[in-house]
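File shown: final-v9.cif (mmCIF, C-alpha atoms).
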```
data_structure
loop_
_atom_site.label_atom_id
_atom_site.label_comp_id
_atom_site.auth_asym_id
_atom_site.auth_seq_id
_atom_site.Cartn_x
_atom_site.Cartn_y
_atom_site.Cartn_z
CA MET A 1 -18.33 -21.43 -23.02
CA LYS A 2 -15.90 -19.84 -25.47
CA ARG A 3 -17.29 -16.46 -26.46
CA ILE A 4 -19.17 -13.77 -24.56
CA ALA A 5 -20.42 -10.33 -25.56
CA VAL A 6 -20.89 -7.13 -23.57
CA PHE A 7 -22.99 -4.05 -24.29
CA THR A 8 -24.26 -0.89 -22.65
CA SER A 9 -27.84 0.28 -23.00
CA GLY A 10 -30.20 2.99 -21.80
CA GLY A 11 -28.98 6.23 -20.28
CA ASP A 12 -25.21 6.43 -19.92
CA ALA A 13 -23.69 6.49 -16.45
CA PRO A 14 -20.15 7.25 -15.24
CA GLY A 15 -18.41 3.95 -14.55
CA MET A 16 -19.81 2.06 -17.55
CA ASN A 17 -16.36 2.05 -19.14
CA ALA A 18 -14.83 0.68 -15.96
CA ALA A 19 -17.38 -2.16 -16.09
CA ILE A 20 -16.62 -2.87 -19.76
CA ARG A 21 -12.92 -2.96 -18.94
CA ALA A 22 -13.49 -5.44 -16.11
CA VAL A 23 -15.66 -7.73 -18.26
CA VAL A 24 -13.05 -7.80 -21.04
CA ARG A 25 -10.09 -8.38 -18.74
CA ALA A 26 -11.94 -11.05 -16.72
CA GLY A 27 -13.03 -12.77 -19.91
CA LEU A 28 -9.48 -12.87 -21.25
CA TYR A 29 -8.20 -14.06 -17.87
CA ASN A 30 -10.60 -17.01 -18.15
CA ASN A 31 -9.57 -17.80 -21.76
CA LEU A 32 -12.76 -16.43 -23.29
CA GLU A 33 -13.11 -14.38 -26.46
CA VAL A 34 -14.96 -11.14 -25.78
CA PHE A 35 -17.01 -9.11 -28.24
CA GLY A 36 -18.39 -5.63 -27.74
CA ILE A 37 -21.82 -4.82 -29.15
CA MET A 38 -22.10 -1.22 -30.30
CA ARG A 39 -25.23 0.85 -29.44
CA GLY A 40 -26.92 -1.74 -27.24
CA TYR A 41 -29.82 -3.77 -28.57
CA GLU A 42 -29.84 -1.67 -31.73
CA GLY A 43 -26.32 -2.83 -32.53
CA MET A 44 -27.29 -6.41 -31.76
CA ILE A 45 -29.93 -6.15 -34.48
CA ASP A 46 -27.59 -4.31 -36.89
CA ASN A 47 -24.86 -6.93 -36.39
CA SER A 48 -22.50 -4.28 -34.99
CA PHE A 49 -20.02 -6.48 -33.12
CA LYS A 50 -16.32 -5.91 -32.53
CA PRO A 51 -13.76 -8.22 -30.91
CA LEU A 52 -12.22 -6.72 -27.78
CA ILE A 53 -8.71 -7.37 -26.51
CA SER A 54 -6.91 -5.96 -23.51
CA LYS A 55 -5.53 -3.02 -25.48
CA ASN A 56 -9.05 -1.92 -26.49
CA VAL A 57 -9.95 -1.19 -22.87
CA SER A 58 -6.70 0.42 -21.77
CA ASN A 59 -6.97 3.93 -20.37
CA ILE A 60 -10.78 3.98 -20.21
CA ILE A 61 -11.43 3.39 -16.49
CA GLN A 62 -11.34 7.17 -15.86
CA GLN A 63 -13.62 8.09 -18.78
CA GLY A 64 -17.31 8.93 -18.49
CA GLY A 65 -19.86 7.84 -21.07
CA THR A 66 -19.39 4.47 -22.79
CA ILE A 67 -16.96 3.41 -25.53
CA LEU A 68 -19.63 0.96 -26.77
CA LYS A 69 -22.17 3.79 -27.17
CA SER A 70 -25.84 3.48 -26.22
CA ALA A 71 -29.14 3.75 -28.05
CA ARG A 72 -32.85 3.11 -27.69
CA SER A 73 -34.17 0.34 -29.92
CA LYS A 74 -37.83 0.26 -30.92
CA GLU A 75 -37.14 -2.68 -33.23
CA PHE A 76 -35.94 -4.81 -30.32
CA MET A 77 -39.37 -4.40 -28.75
CA THR A 78 -40.76 -6.57 -31.55
CA LYS A 79 -40.40 -10.35 -31.82
CA LYS A 80 -39.03 -9.91 -35.34
CA GLY A 81 -36.30 -7.59 -34.12
CA ARG A 82 -35.32 -9.89 -31.28
CA LYS A 83 -35.13 -12.87 -33.67
CA LYS A 84 -32.75 -10.89 -35.87
CA ALA A 85 -30.62 -10.09 -32.83
CA TYR A 86 -30.55 -13.78 -31.88
CA GLU A 87 -29.45 -14.81 -35.36
CA ASN A 88 -26.60 -12.30 -35.23
CA LEU A 89 -25.46 -13.59 -31.84
CA LYS A 90 -25.47 -17.16 -33.12
CA SER A 91 -23.62 -16.22 -36.32
CA LYS A 92 -20.85 -14.84 -34.11
CA GLU A 93 -21.06 -17.99 -31.92
CA ILE A 94 -21.75 -15.88 -28.83
CA ASP A 95 -22.52 -18.14 -25.87
CA ALA A 96 -23.60 -15.54 -23.29
CA VAL A 97 -24.05 -11.80 -22.84
CA VAL A 98 -23.27 -9.21 -20.15
CA ALA A 99 -25.78 -6.36 -20.19
CA ILE A 100 -24.78 -3.07 -18.54
CA GLY A 101 -27.70 -0.72 -17.93
CA GLY A 102 -30.89 -0.20 -15.99
CA ASN A 103 -34.52 -1.24 -15.79
CA GLY A 104 -35.26 -1.21 -19.53
CA THR A 105 -32.02 -3.03 -20.34
CA PHE A 106 -32.80 -5.88 -17.96
CA THR A 107 -36.44 -6.07 -19.05
CA GLY A 108 -35.23 -6.63 -22.62
CA ALA A 109 -32.67 -9.20 -21.45
CA LYS A 110 -35.29 -11.14 -19.49
CA ILE A 111 -37.67 -11.32 -22.45
CA PHE A 112 -34.86 -12.19 -24.88
CA GLN A 113 -33.54 -15.01 -22.70
CA SER A 114 -37.02 -16.49 -22.24
CA GLU A 115 -37.49 -16.59 -26.02
CA PHE A 116 -34.07 -17.77 -27.19
CA ASN A 117 -32.33 -19.19 -24.12
CA ILE A 118 -29.22 -17.04 -24.40
CA PRO A 119 -27.69 -16.57 -20.91
CA PHE A 120 -27.68 -12.95 -19.69
CA VAL A 121 -26.12 -11.41 -16.59
CA GLY A 122 -26.81 -7.76 -15.83
CA ILE A 123 -24.62 -5.07 -14.28
CA PRO A 124 -26.68 -2.18 -12.80
CA ALA A 125 -25.57 1.17 -14.21
CA THR A 126 -27.88 4.14 -13.79
CA ILE A 127 -27.51 7.45 -11.95
CA ASP A 128 -31.06 7.02 -10.60
CA ASN A 129 -30.10 4.13 -8.26
CA ASP A 130 -33.64 2.79 -8.67
CA LEU A 131 -32.98 -0.94 -9.15
CA CYS A 132 -34.18 -3.18 -6.36
CA GLY A 133 -31.77 -5.64 -4.74
CA THR A 134 -28.64 -3.48 -4.77
CA ASP A 135 -27.50 -0.71 -2.45
CA TYR A 136 -25.89 1.26 -5.25
CA THR A 137 -25.86 1.32 -9.03
CA ILE A 138 -22.85 2.33 -11.10
CA GLY A 139 -22.87 6.08 -11.77
CA TYR A 140 -24.97 7.04 -8.77
CA ASP A 141 -22.05 8.14 -6.58
CA THR A 142 -20.49 10.20 -9.37
CA ALA A 143 -23.80 11.90 -10.13
CA ILE A 144 -24.29 12.80 -6.46
CA ASN A 145 -20.87 14.43 -6.40
CA THR A 146 -21.60 16.29 -9.64
CA VAL A 147 -24.86 17.67 -8.23
CA MET A 148 -23.21 18.53 -4.91
CA GLN A 149 -20.43 20.48 -6.60
CA ALA A 150 -22.94 22.34 -8.78
CA ILE A 151 -25.06 23.29 -5.78
CA ASP A 152 -21.97 24.47 -3.88
CA LYS A 153 -21.35 26.93 -6.71
CA ILE A 154 -25.00 27.95 -6.91
CA ARG A 155 -25.02 28.66 -3.18
CA ASP A 156 -22.18 31.16 -3.61
CA THR A 157 -24.29 33.32 -5.91
CA ALA A 158 -27.44 32.69 -3.85
CA ASN A 159 -25.70 34.08 -0.77
CA ALA A 160 -24.27 37.01 -2.70
CA HIS A 161 -27.70 38.13 -3.90
CA ASN A 162 -30.04 36.84 -1.15
CA ARG A 163 -31.79 34.51 -3.57
CA ILE A 164 -33.72 31.25 -3.31
CA PHE A 165 -32.69 28.72 -5.94
CA PHE A 166 -34.84 25.80 -7.04
CA VAL A 167 -32.39 23.24 -8.45
CA GLU A 168 -33.87 20.48 -10.59
CA VAL A 169 -32.02 17.17 -10.80
CA MET A 170 -32.74 13.97 -12.70
CA GLY A 171 -35.08 11.38 -11.24
CA ARG A 172 -38.35 11.11 -13.16
CA ASP A 173 -39.55 8.16 -11.08
CA ALA A 174 -37.07 8.06 -8.20
CA GLY A 175 -35.75 10.62 -5.74
CA PHE A 176 -32.58 8.87 -4.56
CA LEU A 177 -30.27 11.30 -6.36
CA ALA A 178 -32.20 14.36 -5.20
CA LEU A 179 -32.37 13.22 -1.57
CA ARG A 180 -28.73 12.28 -1.07
CA SER A 181 -27.39 15.28 -2.99
CA SER A 182 -29.61 17.65 -0.99
CA ILE A 183 -28.15 16.32 2.28
CA SER A 184 -24.55 16.42 1.04
CA SER A 185 -24.94 20.01 -0.20
CA GLY A 186 -26.75 21.31 2.87
CA ALA A 187 -29.92 22.16 0.93
CA GLU A 188 -32.84 23.65 2.81
CA GLY A 189 -35.43 21.33 1.27
CA VAL A 190 -36.06 18.53 -1.21
CA LEU A 191 -39.09 17.50 -3.27
CA ILE A 192 -39.14 13.90 -4.53
CA PRO A 193 -41.69 11.63 -6.29
CA GLU A 194 -41.87 9.10 -3.43
CA ILE A 195 -43.19 11.59 -0.88
CA PRO A 196 -46.23 13.74 -1.73
CA THR A 197 -45.38 17.40 -2.11
CA HIS A 198 -47.48 19.66 0.06
CA LEU A 199 -46.96 23.16 -1.22
CA GLU A 200 -48.56 24.54 1.92
CA ASN A 201 -45.69 23.01 3.92
CA LEU A 202 -43.17 24.65 1.60
CA HIS A 203 -45.04 27.92 1.89
CA SER A 204 -45.10 27.61 5.68
CA TYR A 205 -41.36 27.02 5.74
CA LEU A 206 -40.70 30.01 3.49
CA GLU A 207 -43.06 32.20 5.51
CA THR A 208 -41.71 31.34 8.96
CA GLY A 209 -38.49 29.36 9.33
CA PHE A 210 -36.80 30.65 6.22
CA LYS A 211 -37.51 34.33 6.88
CA LYS A 212 -36.29 34.02 10.45
CA MET A 213 -33.07 32.15 9.78
CA LYS A 214 -31.85 32.79 6.26
CA SER A 215 -31.73 35.26 3.43
CA SER A 216 -30.87 32.69 0.75
CA GLY A 217 -31.44 29.02 0.20
CA ILE A 218 -31.50 25.94 -2.01
CA ILE A 219 -34.47 23.68 -2.68
CA VAL A 220 -33.65 20.50 -4.64
CA ILE A 221 -36.41 19.12 -6.86
CA ALA A 222 -36.49 15.73 -8.58
CA GLU A 223 -37.81 16.17 -12.11
CA GLY A 224 -40.60 13.66 -11.44
CA ASP A 225 -42.20 15.48 -8.51
CA GLU A 226 -45.98 15.51 -8.90
CA GLU A 227 -46.20 19.29 -8.48
CA GLY A 228 -44.11 19.69 -11.62
CA GLY A 229 -40.51 20.61 -12.34
CA ALA A 230 -38.50 23.41 -10.83
CA TYR A 231 -39.97 26.06 -13.14
CA ASP A 232 -43.57 25.12 -12.25
CA ILE A 233 -42.91 25.16 -8.51
CA ALA A 234 -40.88 28.38 -8.70
CA ARG A 235 -43.76 30.02 -10.58
CA LYS A 236 -46.16 29.11 -7.77
CA VAL A 237 -43.77 30.38 -5.11
CA ARG A 238 -43.21 33.67 -6.95
CA LYS A 239 -46.96 34.19 -7.07
CA ASP A 240 -47.30 33.88 -3.29
CA PHE A 241 -43.97 35.46 -2.28
CA LYS A 242 -43.52 38.43 -4.56
CA ASP A 243 -40.74 39.89 -2.39
CA TYR A 244 -38.51 36.81 -2.81
CA ASP A 245 -35.85 36.72 -5.51
CA VAL A 246 -36.47 33.21 -6.86
CA ARG A 247 -34.23 31.61 -9.48
CA VAL A 248 -34.20 28.21 -11.19
CA THR A 249 -31.33 26.00 -12.31
CA VAL A 250 -31.94 22.75 -14.22
CA LEU A 251 -28.77 20.66 -14.12
CA GLY A 252 -29.91 18.32 -16.89
CA HIS A 253 -27.48 15.99 -18.62
CA VAL A 254 -24.43 17.45 -16.91
CA GLN A 255 -25.30 14.91 -14.20
CA ARG A 256 -24.58 11.99 -16.54
CA GLY A 257 -21.08 13.03 -17.54
CA GLY A 258 -17.69 13.31 -15.95
CA SER A 259 -14.94 11.06 -14.71
CA PRO A 260 -16.32 8.39 -12.33
CA THR A 261 -15.45 8.56 -8.65
CA ALA A 262 -13.20 5.97 -7.02
CA PHE A 263 -16.30 4.36 -5.51
CA ASP A 264 -17.91 3.87 -8.93
CA ARG A 265 -14.69 2.60 -10.47
CA VAL A 266 -14.19 -0.04 -7.80
CA ALA A 267 -17.86 -1.08 -7.82
CA ALA A 268 -17.87 -1.38 -11.62
CA SER A 269 -14.67 -3.43 -11.54
CA LYS A 270 -16.06 -5.84 -8.95
CA LEU A 271 -19.34 -6.26 -10.79
CA GLY A 272 -17.67 -6.68 -14.18
CA VAL A 273 -15.45 -9.50 -12.96
CA GLY A 274 -18.38 -10.96 -11.03
CA ALA A 275 -20.53 -11.04 -14.16
CA VAL A 276 -17.99 -13.12 -16.07
CA GLU A 277 -17.55 -15.48 -13.12
CA ALA A 278 -21.34 -15.88 -12.86
CA LEU A 279 -21.60 -16.87 -16.53
CA ILE A 280 -18.77 -19.38 -16.15
CA GLN A 281 -20.72 -20.88 -13.23
CA ASN A 282 -23.77 -21.23 -15.52
CA LYS A 283 -25.72 -18.51 -13.73
CA SER A 284 -28.03 -16.36 -15.82
CA ASN A 285 -31.17 -14.27 -15.84
CA ILE A 286 -29.74 -12.30 -12.93
CA MET A 287 -28.44 -8.85 -12.08
CA LEU A 288 -25.37 -8.54 -9.91
CA GLY A 289 -25.66 -5.99 -7.14
CA THR A 290 -23.92 -4.94 -3.95
CA LYS A 291 -25.15 -5.37 -0.38
CA CYS A 292 -22.96 -4.13 2.45
CA GLY A 293 -20.03 -4.04 0.05
CA LYS A 294 -20.42 -7.63 -1.14
CA VAL A 295 -21.43 -8.73 -4.64
CA ILE A 296 -24.77 -10.55 -4.71
CA SER A 297 -27.02 -11.95 -7.44
CA VAL A 298 -30.61 -10.77 -7.87
CA PRO A 299 -33.14 -12.32 -10.28
CA PHE A 300 -34.16 -9.95 -13.05
CA ASP A 301 -37.77 -10.25 -11.86
CA ILE A 302 -36.91 -8.73 -8.50
CA ALA A 303 -34.56 -6.08 -9.89
CA ILE A 304 -37.03 -4.68 -12.42
CA GLN A 305 -40.46 -5.39 -10.94
CA GLN A 306 -40.14 -4.58 -7.26
CA GLU A 307 -40.12 -0.92 -6.24
CA LYS A 308 -37.06 0.27 -4.37
CA ALA A 309 -38.12 2.18 -1.28
CA ILE A 310 -36.68 5.53 -0.32
CA ASP A 311 -34.88 5.71 3.03
CA GLN A 312 -37.31 7.61 5.24
CA LYS A 313 -34.60 8.21 7.83
CA LEU A 314 -32.54 10.10 5.25
CA TYR A 315 -35.57 12.25 4.42
CA ASP A 316 -36.13 12.95 8.11
CA LEU A 317 -32.43 13.72 8.51
CA LEU A 318 -32.72 16.66 6.14
CA THR A 319 -35.53 18.12 8.25
CA ILE A 320 -33.48 17.77 11.44
CA LEU A 321 -30.40 19.33 9.87
CA ASN A 322 -32.42 22.38 8.84
CA TYR A 323 -33.97 22.94 12.25
#
```
Is it possible to express this structure as structure tokens?
Amino acid sequence: MKRIAVFTSGGDAPGMNAAIRAVVRAGLYNNLEVFGIMRGYEGMIDNSFKPLISKNVSNIIQQGGTILKSARSKEFMTKKGRKKAYENLKSKEIDAVVAIGGNGTFTGAKIFQSEFNIPFVGIPATIDNDLCGTDYTIGYDTAINTVMQAIDKIRDTANAHNRIFFVEVMGRDAGFLALRSSISSGAEGVLIPEIPTHLENLHSYLETGFKKMKSSGIIVIAEGDEEGGAYDIARKVRKDFKDYDVRVTVLGHVQRGGSPTAFDRVAASKLGVGAVEALIQNKSNIMLGTKCGKVISVPFDIAIQQEKAIDQKLYDLLTILNY
């Protein structure tokens, strides 16, 4: 193996740059040439490659986003598009690829490797933390802290005006971000896709426990909750509780940005170096993850096809803490 490439794909996550940096430095340490692919699979098709040396990744570990950019690629979903990407990889004499991203990124890598036998190793980077086989994904810890800090500020104004705020966070299919951020911010409730929302329970809480104990509060809602987003649920609550001052805040893409936490920087660094070492050891078609602080390898099939379960004890913990 002489040359490897690295790219980022899907939604950006804080810590992606730290992972890129680790891949480049580990590659150079092992006498490999490293190329960056701009804009993910789209750049692979457009032949957008750039050689990376140590200087290219200096002073990026603290930056959010991704210096390699990210994009969705409809063309890569076609066999013709993937063949074009393969031809570009071979023209650059790329022997293996490190893919940094989430479910869609690894699904594309798995299909591509099965068709053209190019070794891929994945690094999980998504604020949703929804990939099976790893305790944490890069960006998740930073996003939790971003949400927590936002809710801390929202609570100040909620207390000042005796308001109930419904705060919507990202998580179309997974409630990991909503659940952990609701606990860390002391929220009074959380609505997530994994657990059916019973509006009558929310109504009961607002009618009894909330009125008795508090004059303001925070309810965190994952955007994928089956009752709808924060605006839909707030509308239903306003209809039944006309005397409540109900407000809505949708945090949106602010959750994706910002300087990564120390946890995300260290995790990204470990996984980036681990990805290069895995390729050198002829391992492929795997995602690297962390279990109990140790780097492990997980087949793409498990990472993308098995559903990661929510921690019921964490959900129960929120109920206990609001007793």
Taking the file as shown, what set of residues would the PyMOL selection byres ((chain A and resi 86-95) around 8) give back, as a PDB file with C-alpha atoms, in the frame of the given file?
```pdb
ATOM      1  CA  MET A   1     -18.330 -21.430 -23.020  1.00  0.00           C
ATOM      2  CA  LYS A   2     -15.900 -19.840 -25.470  1.00  0.00           C
ATOM      3  CA  ARG A   3     -17.290 -16.460 -26.460  1.00  0.00           C
ATOM      4  CA  ILE A   4     -19.170 -13.770 -24.560  1.00  0.00           C
ATOM      5  CA  ALA A   5     -20.420 -10.330 -25.560  1.00  0.00           C
ATOM      6  CA  MET A  44     -27.290  -6.410 -31.760  1.00  0.00           C
ATOM      7  CA  ILE A  45     -29.930  -6.150 -34.480  1.00  0.00           C
ATOM      8  CA  ASN A  47     -24.860  -6.930 -36.390  1.00  0.00           C
ATOM      9  CA  ARG A  82     -35.320  -9.890 -31.280  1.00  0.00           C
ATOM     10  CA  LYS A  83     -35.130 -12.870 -33.670  1.00  0.00           C
ATOM     11  CA  LYS A  84     -32.750 -10.890 -35.870  1.00  0.00           C
ATOM     12  CA  ALA A  85     -30.620 -10.090 -32.830  1.00  0.00           C
ATOM     13  CA  ALA A  96     -23.600 -15.540 -23.290  1.00  0.00           C
ATOM     14  CA  VAL A  97     -24.050 -11.800 -22.840  1.00  0.00           C
ATOM     15  CA  PHE A 116     -34.070 -17.770 -27.190  1.00  0.00           C
ATOM     16  CA  ILE A 118     -29.220 -17.040 -24.400  1.00  0.00           C
ATOM     17  CA  PRO A 119     -27.690 -16.570 -20.910  1.00  0.00           C
TER      18      PRO A 119
END
```
Nearest candidate to A:Lys242 (options A:Val147, A:Leu206, A:Ile219, A:Ala268; using only C-alpha atoms):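 Among A:Val147, A:Leu206, A:Ile219, A:Ala268, it is A:Leu206 that comes nearest to A:Lys242.
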For atom CA of A:Ile310 and atom CA of A:Phe176, the interatomic separation in Å (one decimal): 6.8 Å
Selection: 12 Å around stretch 220-232 of chain A, all atoms listed in the file, excl. self and same-chain fewer than 3 positions, as a PyMOL selection string: chain A and resi 128+147-148+150-151+154-155+164-200+202+217+235-239+246-252+318
Write out, as a PDB file, in the coordinates of the input, the residues just selected, with C-alpha atoms.
```
ATOM      1  CA  ASP A 128     -31.060   7.020 -10.600  1.00  0.00           C
ATOM      2  CA  VAL A 147     -24.860  17.670  -8.230  1.00  0.00           C
ATOM      3  CA  MET A 148     -23.210  18.530  -4.910  1.00  0.00           C
ATOM      4  CA  ALA A 150     -22.940  22.340  -8.780  1.00  0.00           C
ATOM      5  CA  ILE A 151     -25.060  23.290  -5.780  1.00  0.00           C
ATOM      6  CA  ILE A 154     -25.000  27.950  -6.910  1.00  0.00           C
ATOM      7  CA  ARG A 155     -25.020  28.660  -3.180  1.00  0.00           C
ATOM      8  CA  ILE A 164     -33.720  31.250  -3.310  1.00  0.00           C
ATOM      9  CA  PHE A 165     -32.690  28.720  -5.940  1.00  0.00           C
ATOM     10  CA  PHE A 166     -34.840  25.800  -7.040  1.00  0.00           C
ATOM     11  CA  VAL A 167     -32.390  23.240  -8.450  1.00  0.00           C
ATOM     12  CA  GLU A 168     -33.870  20.480 -10.590  1.00  0.00           C
ATOM     13  CA  VAL A 169     -32.020  17.170 -10.800  1.00  0.00           C
ATOM     14  CA  MET A 170     -32.740  13.970 -12.700  1.00  0.00           C
ATOM     15  CA  GLY A 171     -35.080  11.380 -11.240  1.00  0.00           C
ATOM     16  CA  ARG A 172     -38.350  11.110 -13.160  1.00  0.00           C
ATOM     17  CA  ASP A 173     -39.550   8.160 -11.080  1.00  0.00           C
ATOM     18  CA  ALA A 174     -37.070   8.060  -8.200  1.00  0.00           C
ATOM     19  CA  GLY A 175     -35.750  10.620  -5.740  1.00  0.00           C
ATOM     20  CA  PHE A 176     -32.580   8.870  -4.560  1.00  0.00           C
ATOM     21  CA  LEU A 177     -30.270  11.300  -6.360  1.00  0.00           C
ATOM     22  CA  ALA A 178     -32.200  14.360  -5.200  1.00  0.00           C
ATOM     23  CA  LEU A 179     -32.370  13.220  -1.570  1.00  0.00           C
ATOM     24  CA  ARG A 180     -28.730  12.280  -1.070  1.00  0.00           C
ATOM     25  CA  SER A 181     -27.390  15.280  -2.990  1.00  0.00           C
ATOM     26  CA  SER A 182     -29.610  17.650  -0.990  1.00  0.00           C
ATOM     27  CA  ILE A 183     -28.150  16.320   2.280  1.00  0.00           C
ATOM     28  CA  SER A 184     -24.550  16.420   1.040  1.00  0.00           C
ATOM     29  CA  SER A 185     -24.940  20.010  -0.200  1.00  0.00           C
ATOM     30  CA  GLY A 186     -26.750  21.310   2.870  1.00  0.00           C
ATOM     31  CA  ALA A 187     -29.920  22.160   0.930  1.00  0.00           C
ATOM     32  CA  GLU A 188     -32.840  23.650   2.810  1.00  0.00           C
ATOM     33  CA  GLY A 189     -35.430  21.330   1.270  1.00  0.00           C
ATOM     34  CA  VAL A 190     -36.060  18.530  -1.210  1.00  0.00           C
ATOM     35  CA  LEU A 191     -39.090  17.500  -3.270  1.00  0.00           C
ATOM     36  CA  ILE A 192     -39.140  13.900  -4.530  1.00  0.00           C
ATOM     37  CA  PRO A 193     -41.690  11.630  -6.290  1.00  0.00           C
ATOM     38  CA  GLU A 194     -41.870   9.100  -3.430  1.00  0.00           C
ATOM     39  CA  ILE A 195     -43.190  11.590  -0.880  1.00  0.00           C
ATOM     40  CA  PRO A 196     -46.230  13.740  -1.730  1.00  0.00           C
ATOM     41  CA  THR A 197     -45.380  17.400  -2.110  1.00  0.00           C
ATOM     42  CA  HIS A 198     -47.480  19.660   0.060  1.00  0.00           C
ATOM     43  CA  LEU A 199     -46.960  23.160  -1.220  1.00  0.00           C
ATOM     44  CA  GLU A 200     -48.560  24.540   1.920  1.00  0.00           C
ATOM     45  CA  LEU A 202     -43.170  24.650   1.600  1.00  0.00           C
ATOM     46  CA  GLY A 217     -31.440  29.020   0.200  1.00  0.00           C
ATOM     47  CA  ARG A 235     -43.760  30.020 -10.580  1.00  0.00           C
ATOM     48  CA  LYS A 236     -46.160  29.110  -7.770  1.00  0.00           C
ATOM     49  CA  VAL A 237     -43.770  30.380  -5.110  1.00  0.00           C
ATOM     50  CA  ARG A 238     -43.210  33.670  -6.950  1.00  0.00           C
ATOM     51  CA  LYS A 239     -46.960  34.190  -7.070  1.00  0.00           C
ATOM     52  CA  VAL A 246     -36.470  33.210  -6.860  1.00  0.00           C
ATOM     53  CA  ARG A 247     -34.230  31.610  -9.480  1.00  0.00           C
ATOM     54  CA  VAL A 248     -34.200  28.210 -11.190  1.00  0.00           C
ATOM     55  CA  THR A 249     -31.330  26.000 -12.310  1.00  0.00           C
ATOM     56  CA  VAL A 250     -31.940  22.750 -14.220  1.00  0.00           C
ATOM     57  CA  LEU A 251     -28.770  20.660 -14.120  1.00  0.00           C
ATOM     58  CA  GLY A 252     -29.910  18.320 -16.890  1.00  0.00           C
ATOM     59  CA  LEU A 318     -32.720  16.660   6.140  1.00  0.00           C
TER      60      LEU A 318
END
```
Using all atoms listed in the file: which of A:Val34, A:Ile233, A:Ala109, A:Val266 has the shortest distance to A:Ile61: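 Using all atoms listed in the file, the shortest distance to A:Ile61 belongs to A:Val266.
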Chain and number of each residue from the PyMOL selection byres ((chain A and resi 107) around 12), as a ChimeraX atom specification: /A:9-10,41,76-77,99,101-106,108-114,120-122,131,285-287,299-305
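Atom CA of A:Asp46 sits 13.4 Å away from atom CA of A:Phe7.
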Centre and edges of the stretch 220-226 of chain A box, axis-aligned, 6 Å extra per side, as JSON:
```
{"center_x": -39.8, "center_y": 17.1, "center_z": -8.4, "size_x": 24.3, "size_y": 18.8, "size_z": 19.5}
```
